[in-house]
Amino acid sequence: MLQDIKTQFSFQPKTFLFDIGRVLLDFDFESSLIKLIPERINNPKERIQQILEQKDAFEAGLIDPESYANWALRIFESDATLNQFYQAWQQIFTANEPMWRCVRELANHNHTLILISNINAIHCPWIFNAYPEFSYFEHKLLSFEIGILKPEFEIYQHAIKTYQLNPATTIYIDDQPKNITTGKELGFQCWQYDLNDHHAFEIWLEKILASRLEISTSI
């Protein structure tokens, strides 16, 4: 796969901004968290939705892990321990293997890889130990550490300033339309990733890597 990465255009390193969720890793909160909820509770999915409604504040670093976990367990009316909540919260991920194959090829040909993710302090640093291939990424821009969430302009501007990025030659991959919209407005080369259509991404990526020009093609 991606013959152009392996051969013709590896001498033209580029910079990539990668989202994590539904790009590098798929996730499913419900099937993991529901195990913490007692069987007597008749609306478990509603309880899960209630705690996920506060996930943005958690991922912005406004709530510490222990406070969030204790509050969630009260919502669940659960006797689970903090560690059991942390484990359930962590065990939501599944690796997207086709994308990881791309990451390995990009890293092996000296492209600069940077993570930019809305994520929280229960998932990090655990996620980087659970999935060692995150070591391919030279830099990590994590929302809970800097207190800014995508799609706010400030998080992308922080990336541009911190890593001296030229948006016109930086490739940004994310699954969320609102994040891609901001990326386009700032001039990044954007691809809205569909976990169910990885092949379309590979076709686009080959064109990007094959070009010496600044390409703005996106979906």
# chains A, B, ... in the order shown; residues from 1 in each chain; ligands from 1

$ residues_around --residues "Ala69 (chain A)" --least-positions-apart "5" --cutoff "8 Å" --atoms "only C-alpha atoms" --output "number ranges by chain"
A: 82, 85-86

$ select_by_dssp --residues "region 6-199 of chain A" --states "alpha helix (DSSP H)" --output "PyMOL selection string"
chain A and resi 6+29-33+44-52+55-59+65-76+82-90+97-108+126-130+143-146+153-163+177-185+198-199

$ residues_around --residues "region 191-198 of chain A" --least-positions-apart "3" --cutoff "9 Å" --atoms "only C-alpha atoms" --output "list in words"
Arg22, Val23, Asp26, Asn96, Pro98, Met99, Ile171, Tyr172, Ile173, Asp174, Asp175, Gln176, Pro177, Asn179, Ile180, Phe201, Glu202, Ile203, Trp204, Leu205, Thr217, Ser218 and Ile219 of chain A

$ write_last_selection --atoms "N, CA and C atoms" --output "compact mmCIF listing (two decimals), in the first residue's frame"
# COMPACT_ATOMS: atom_id res chain seq x y z
N ARG A 22 -11.19 7.99 16.33
CA ARG A 22 -11.79 7.64 15.04
C ARG A 22 -10.89 7.98 13.87
N VAL A 23 -9.59 8.13 14.16
CA VAL A 23 -8.57 8.25 13.12
C VAL A 23 -7.50 7.18 13.38
N ASP A 26 -10.32 3.74 17.09
CA ASP A 26 -11.78 3.81 17.24
C ASP A 26 -12.08 3.73 18.73
N ASN A 96 -6.94 1.35 14.83
CA ASN A 96 -7.30 1.40 13.41
C ASN A 96 -6.06 0.99 12.62
N PRO A 98 -5.24 -0.02 9.54
CA PRO A 98 -4.83 0.59 8.26
C PRO A 98 -4.16 1.94 8.43
N MET A 99 -4.65 2.75 9.37
CA MET A 99 -4.02 4.05 9.59
C MET A 99 -2.66 3.91 10.24
N ILE A 171 -0.31 18.96 6.69
CA ILE A 171 -1.46 18.10 6.40
C ILE A 171 -2.17 17.76 7.70
N TYR A 172 -3.46 18.05 7.73
CA TYR A 172 -4.25 17.86 8.96
C TYR A 172 -5.34 16.83 8.71
N ILE A 173 -5.38 15.80 9.57
CA ILE A 173 -6.33 14.68 9.42
C ILE A 173 -7.17 14.59 10.68
N ASP A 174 -8.50 14.68 10.51
CA ASP A 174 -9.43 14.65 11.64
C ASP A 174 -10.75 14.10 11.13
N ASP A 175 -11.53 13.49 12.01
CA ASP A 175 -12.82 12.95 11.59
C ASP A 175 -13.99 13.92 11.78
N GLN A 176 -13.80 14.99 12.55
CA GLN A 176 -14.89 15.88 12.89
C GLN A 176 -15.00 17.04 11.90
N PRO A 177 -16.17 17.21 11.27
CA PRO A 177 -16.34 18.30 10.29
C PRO A 177 -16.01 19.68 10.85
N ASN A 179 -13.92 20.49 13.14
CA ASN A 179 -12.47 20.66 13.28
C ASN A 179 -11.82 20.91 11.92
N ILE A 180 -12.28 20.19 10.93
CA ILE A 180 -11.77 20.37 9.58
C ILE A 180 -12.09 21.77 9.07
N PHE A 201 -8.80 7.87 1.79
CA PHE A 201 -7.70 8.63 2.39
C PHE A 201 -6.37 8.28 1.74
N GLU A 202 -6.12 7.00 1.52
CA GLU A 202 -4.85 6.59 0.93
C GLU A 202 -4.67 7.17 -0.47
N ILE A 203 -5.74 7.19 -1.25
CA ILE A 203 -5.67 7.76 -2.60
C ILE A 203 -5.30 9.24 -2.53
N TRP A 204 -5.96 9.96 -1.63
CA TRP A 204 -5.68 11.39 -1.46
C TRP A 204 -4.25 11.61 -0.96
N LEU A 205 -3.83 10.79 0.00
CA LEU A 205 -2.50 10.94 0.58
C LEU A 205 -1.41 10.73 -0.47
N THR A 217 -6.62 20.39 -1.80
CA THR A 217 -7.73 19.47 -2.01
C THR A 217 -8.16 18.86 -0.68
N SER A 218 -9.47 18.81 -0.44
CA SER A 218 -10.01 18.19 0.76
C SER A 218 -11.45 17.83 0.51
N ILE A 219 -12.05 17.07 1.46
CA ILE A 219 -13.46 16.75 1.32
C ILE A 219 -14.25 17.50 2.35

$ residues_around --residues "Leu33 (chain A)" --least-positions-apart "4" --cutoff "8 Å" --atoms "only C-alpha atoms" --output "count of residues only"
6

$ closest_residue --among "A:Glu138, A:Ile148, A:Ser31, A:Lys184" --to "Leu62 (chain A)" --atoms "only C-alpha atoms"
A:Ile148

$ residues_around --residues "Ile122 (chain A)" --least-positions-apart "6" --cutoff "12 Å" --atoms "only C-alpha atoms" --output "list in words"
Lys55, Phe58, Glu59, Gly61, Ile63, Asp64, Pro65, Glu66, Ser67, Tyr68, Ala69, Leu82, Asn83, Gln84, Phe85, Tyr86, Gln87, Ala88, Trp89, Gln90, Gln91, Ile92, Phe128 and Phe144 of chain A

$ write_last_selection --atoms "N, CA and C atoms" --output "mmCIF file, in the first residue's frame"
data_model
loop_
_atom_site.group_PDB
_atom_site.id
_atom_site.type_symbol
_atom_site.label_atom_id
_atom_site.label_comp_id
_atom_site.auth_asym_id
_atom_site.auth_seq_id
_atom_site.Cartn_x
_atom_site.Cartn_y
_atom_site.Cartn_z
ATOM 1 N N LYS A 55 -17.823 15.677 29.293
ATOM 2 C CA LYS A 55 -16.503 15.232 28.841
ATOM 3 C C LYS A 55 -15.667 16.393 28.302
ATOM 4 N N PHE A 58 -13.888 18.031 31.070
ATOM 5 C CA PHE A 58 -12.827 17.138 31.523
ATOM 6 C C PHE A 58 -11.637 17.213 30.569
ATOM 7 N N GLU A 59 -11.921 17.204 29.266
ATOM 8 C CA GLU A 59 -10.845 17.227 28.280
ATOM 9 C C GLU A 59 -10.195 18.599 28.162
ATOM 10 N N GLY A 61 -9.363 20.139 30.800
ATOM 11 C CA GLY A 61 -8.560 20.218 32.017
ATOM 12 C C GLY A 61 -9.235 20.974 33.141
ATOM 13 N N ILE A 63 -11.661 19.755 35.052
ATOM 14 C CA ILE A 63 -12.041 18.794 36.099
ATOM 15 C C ILE A 63 -10.904 17.797 36.247
ATOM 16 N N ASP A 64 -10.492 17.508 37.463
ATOM 17 C CA ASP A 64 -9.420 16.531 37.653
ATOM 18 C C ASP A 64 -9.991 15.110 37.583
ATOM 19 N N PRO A 65 -9.165 14.115 37.268
ATOM 20 C CA PRO A 65 -9.655 12.748 37.067
ATOM 21 C C PRO A 65 -10.431 12.181 38.254
ATOM 22 N N GLU A 66 -9.942 12.402 39.472
ATOM 23 C CA GLU A 66 -10.616 11.832 40.639
ATOM 24 C C GLU A 66 -12.000 12.434 40.820
ATOM 25 N N SER A 67 -12.120 13.737 40.649
ATOM 26 C CA SER A 67 -13.427 14.391 40.787
ATOM 27 C C SER A 67 -14.390 13.904 39.714
ATOM 28 N N TYR A 68 -13.899 13.787 38.496
ATOM 29 C CA TYR A 68 -14.763 13.322 37.403
ATOM 30 C C TYR A 68 -15.219 11.894 37.648
ATOM 31 N N ALA A 69 -14.297 11.031 38.049
ATOM 32 C CA ALA A 69 -14.634 9.630 38.281
ATOM 33 C C ALA A 69 -15.622 9.476 39.430
ATOM 34 N N LEU A 82 -12.451 3.761 42.175
ATOM 35 C CA LEU A 82 -11.860 4.704 41.230
ATOM 36 C C LEU A 82 -11.040 3.978 40.167
ATOM 37 N N ASN A 83 -10.234 3.014 40.583
ATOM 38 C CA ASN A 83 -9.404 2.286 39.620
ATOM 39 C C ASN A 83 -10.244 1.517 38.616
ATOM 40 N N GLN A 84 -11.369 0.972 39.074
ATOM 41 C CA GLN A 84 -12.250 0.265 38.151
ATOM 42 C C GLN A 84 -12.869 1.227 37.138
ATOM 43 N N PHE A 85 -13.203 2.436 37.582
ATOM 44 C CA PHE A 85 -13.701 3.429 36.637
ATOM 45 C C PHE A 85 -12.615 3.806 35.641
ATOM 46 N N TYR A 86 -11.410 4.059 36.136
ATOM 47 C CA TYR A 86 -10.313 4.425 35.241
ATOM 48 C C TYR A 86 -10.094 3.335 34.185
ATOM 49 N N GLN A 87 -10.105 2.082 34.619
ATOM 50 C CA GLN A 87 -9.880 0.976 33.679
ATOM 51 C C GLN A 87 -10.986 0.903 32.636
ATOM 52 N N ALA A 88 -12.230 1.068 33.061
ATOM 53 C CA ALA A 88 -13.343 1.040 32.111
ATOM 54 C C ALA A 88 -13.247 2.209 31.132
ATOM 55 N N TRP A 89 -12.859 3.372 31.653
ATOM 56 C CA TRP A 89 -12.726 4.568 30.819
ATOM 57 C C TRP A 89 -11.608 4.400 29.789
ATOM 58 N N GLN A 90 -10.592 3.647 30.156
ATOM 59 C CA GLN A 90 -9.455 3.432 29.261
ATOM 60 C C GLN A 90 -9.716 2.347 28.225
ATOM 61 N N GLN A 91 -10.516 1.367 28.590
ATOM 62 C CA GLN A 91 -10.690 0.209 27.712
ATOM 63 C C GLN A 91 -11.772 0.441 26.657
ATOM 64 N N ILE A 92 -11.770 1.604 26.072
ATOM 65 C CA ILE A 92 -12.784 1.937 25.055
ATOM 66 C C ILE A 92 -12.205 1.865 23.648
ATOM 67 N N PHE A 128 -0.414 6.059 25.721
ATOM 68 C CA PHE A 128 0.874 5.976 25.045
ATOM 69 C C PHE A 128 1.665 4.741 25.470
ATOM 70 N N PHE A 144 -6.215 18.684 27.365
ATOM 71 C CA PHE A 144 -6.282 18.826 28.822
ATOM 72 C C PHE A 144 -5.022 19.469 29.388
#

$ residues_around --residues "His139 (chain A)" --least-positions-apart "6" --cutoff "8 Å" --atoms "only C-alpha atoms" --output "list in words"
Leu113, Ile114 and Leu115 of chain A

$ write_last_selection --atoms "C-alpha atoms" --output "short mmCIF file (atom, residue, chain, number, x, y, z; two decimals), in the first residue's frame"
data_model
loop_
_atom_site.label_atom_id
_atom_site.label_comp_id
_atom_site.auth_asym_id
_atom_site.auth_seq_id
_atom_site.Cartn_x
_atom_site.Cartn_y
_atom_site.Cartn_z
CA LEU A 113 4.11 13.54 12.86
CA ILE A 114 2.27 15.57 15.51
CA LEU A 115 -0.78 14.60 17.56
#

$ residues_around --residues "region 158-163 of chain A" --least-positions-apart "4" --cutoff "8 Å" --atoms "only C-alpha atoms" --output "PyMOL selection string"
chain A and resi 141+154+167

$ write_last_selection --atoms "C-alpha atoms" --output "CSV table (one decimal), in the first residue's frame"
chain,number,residue,atom,x,y,z
A,141,LEU,CA,-0.7,18.7,21.6
A,154,GLU,CA,-6.4,29.0,19.6
A,167,PRO,CA,-0.3,25.7,7.4

$ closest_residue --among "A:Arg74, A:His123, A:His199, A:Lys178" --to "Cys102 (chain A)" --atoms "only C-alpha atoms"
A:His199

$ decode --residues "region 52-152 of chain A" --atoms "C-alpha atoms" --output "short mmCIF file (atom, residue, chain, number, x, y, z; two decimals), in the first residue's frame"
data_model
loop_
_atom_site.label_atom_id
_atom_site.label_comp_id
_atom_site.auth_asym_id
_atom_site.auth_seq_id
_atom_site.Cartn_x
_atom_site.Cartn_y
_atom_site.Cartn_z
CA LEU A 52 -20.33 12.22 28.55
CA GLU A 53 -22.03 15.60 28.40
CA GLN A 54 -19.34 16.82 30.81
CA LYS A 55 -16.50 15.23 28.84
CA ASP A 56 -15.54 18.52 27.14
CA ALA A 57 -14.89 20.16 30.50
CA PHE A 58 -12.83 17.14 31.52
CA GLU A 59 -10.85 17.23 28.28
CA ALA A 60 -10.26 20.96 28.70
CA GLY A 61 -8.56 20.22 32.02
CA LEU A 62 -11.29 21.95 34.06
CA ILE A 63 -12.04 18.79 36.10
CA ASP A 64 -9.42 16.53 37.65
CA PRO A 65 -9.65 12.75 37.07
CA GLU A 66 -10.62 11.83 40.64
CA SER A 67 -13.43 14.39 40.79
CA TYR A 68 -14.76 13.32 37.40
CA ALA A 69 -14.63 9.63 38.28
CA ASN A 70 -16.31 10.08 41.67
CA TRP A 71 -19.07 12.19 40.13
CA ALA A 72 -19.61 9.63 37.34
CA LEU A 73 -19.84 6.75 39.82
CA ARG A 74 -22.49 8.68 41.77
CA ILE A 75 -24.45 9.17 38.54
CA PHE A 76 -24.13 5.45 37.86
CA GLU A 77 -25.09 4.57 41.48
CA SER A 78 -22.12 2.24 41.24
CA ASP A 79 -20.03 0.57 43.94
CA ALA A 80 -17.04 0.41 41.57
CA THR A 81 -13.72 1.78 42.77
CA LEU A 82 -11.86 4.70 41.23
CA ASN A 83 -9.40 2.29 39.62
CA GLN A 84 -12.25 0.27 38.15
CA PHE A 85 -13.70 3.43 36.64
CA TYR A 86 -10.31 4.43 35.24
CA GLN A 87 -9.88 0.98 33.68
CA ALA A 88 -13.34 1.04 32.11
CA TRP A 89 -12.73 4.57 30.82
CA GLN A 90 -9.45 3.43 29.26
CA GLN A 91 -10.69 0.21 27.71
CA ILE A 92 -12.78 1.94 25.06
CA PHE A 93 -10.23 1.89 22.25
CA THR A 94 -9.53 -0.30 19.23
CA ALA A 95 -6.55 0.34 16.98
CA ASN A 96 -7.30 1.40 13.41
CA GLU A 97 -4.67 -0.83 11.81
CA PRO A 98 -4.83 0.59 8.26
CA MET A 99 -4.02 4.05 9.59
CA TRP A 100 -1.21 2.75 11.76
CA ARG A 101 0.35 1.17 8.67
CA CYS A 102 0.31 4.62 7.08
CA VAL A 103 1.85 6.15 10.19
CA ARG A 104 4.70 3.66 10.15
CA GLU A 105 5.43 4.38 6.49
CA LEU A 106 5.31 8.14 7.01
CA ALA A 107 7.62 7.97 10.02
CA ASN A 108 10.04 5.68 8.20
CA HIS A 109 10.37 8.29 5.46
CA ASN A 110 11.10 11.17 7.83
CA HIS A 111 7.77 12.95 7.73
CA THR A 112 7.11 14.91 10.93
CA LEU A 113 4.11 13.54 12.86
CA ILE A 114 2.27 15.57 15.51
CA LEU A 115 -0.78 14.60 17.56
CA ILE A 116 -3.52 17.17 18.14
CA SER A 117 -6.29 15.72 20.25
CA ASN A 118 -9.17 16.50 22.59
CA ILE A 119 -8.31 14.04 25.33
CA ASN A 120 -8.19 13.76 29.11
CA ALA A 121 -5.91 12.88 31.99
CA ILE A 122 -7.30 9.37 32.46
CA HIS A 123 -6.47 8.44 28.88
CA CYS A 124 -3.03 10.07 29.04
CA PRO A 125 -0.35 8.95 29.57
CA TRP A 126 -1.97 5.49 29.74
CA ILE A 127 -2.76 5.48 26.03
CA PHE A 128 0.87 5.98 25.05
CA ASN A 129 1.95 2.95 27.06
CA ALA A 130 -0.93 0.80 25.81
CA TYR A 131 -0.17 1.68 22.18
CA PRO A 132 3.63 2.01 21.91
CA GLU A 133 3.47 3.07 18.25
CA PHE A 134 2.48 6.54 19.43
CA SER A 135 6.25 6.91 19.78
CA TYR A 136 6.29 7.61 16.03
CA PHE A 137 4.84 11.03 16.89
CA GLU A 138 7.49 13.61 17.66
CA HIS A 139 5.12 16.01 19.42
CA LYS A 140 1.77 15.80 21.22
CA LEU A 141 -0.67 18.69 21.58
CA LEU A 142 -3.26 17.50 24.13
CA SER A 143 -6.30 19.57 25.09
CA PHE A 144 -6.28 18.83 28.82
CA GLU A 145 -2.67 19.98 29.11
CA ILE A 146 -3.10 23.33 27.39
CA GLY A 147 -6.73 24.02 28.36
CA ILE A 148 -8.00 24.50 24.80
CA LEU A 149 -10.32 22.25 22.80
CA LYS A 150 -10.67 21.74 19.08
CA PRO A 151 -12.21 23.35 17.08
CA GLU A 152 -11.13 26.57 18.81
#
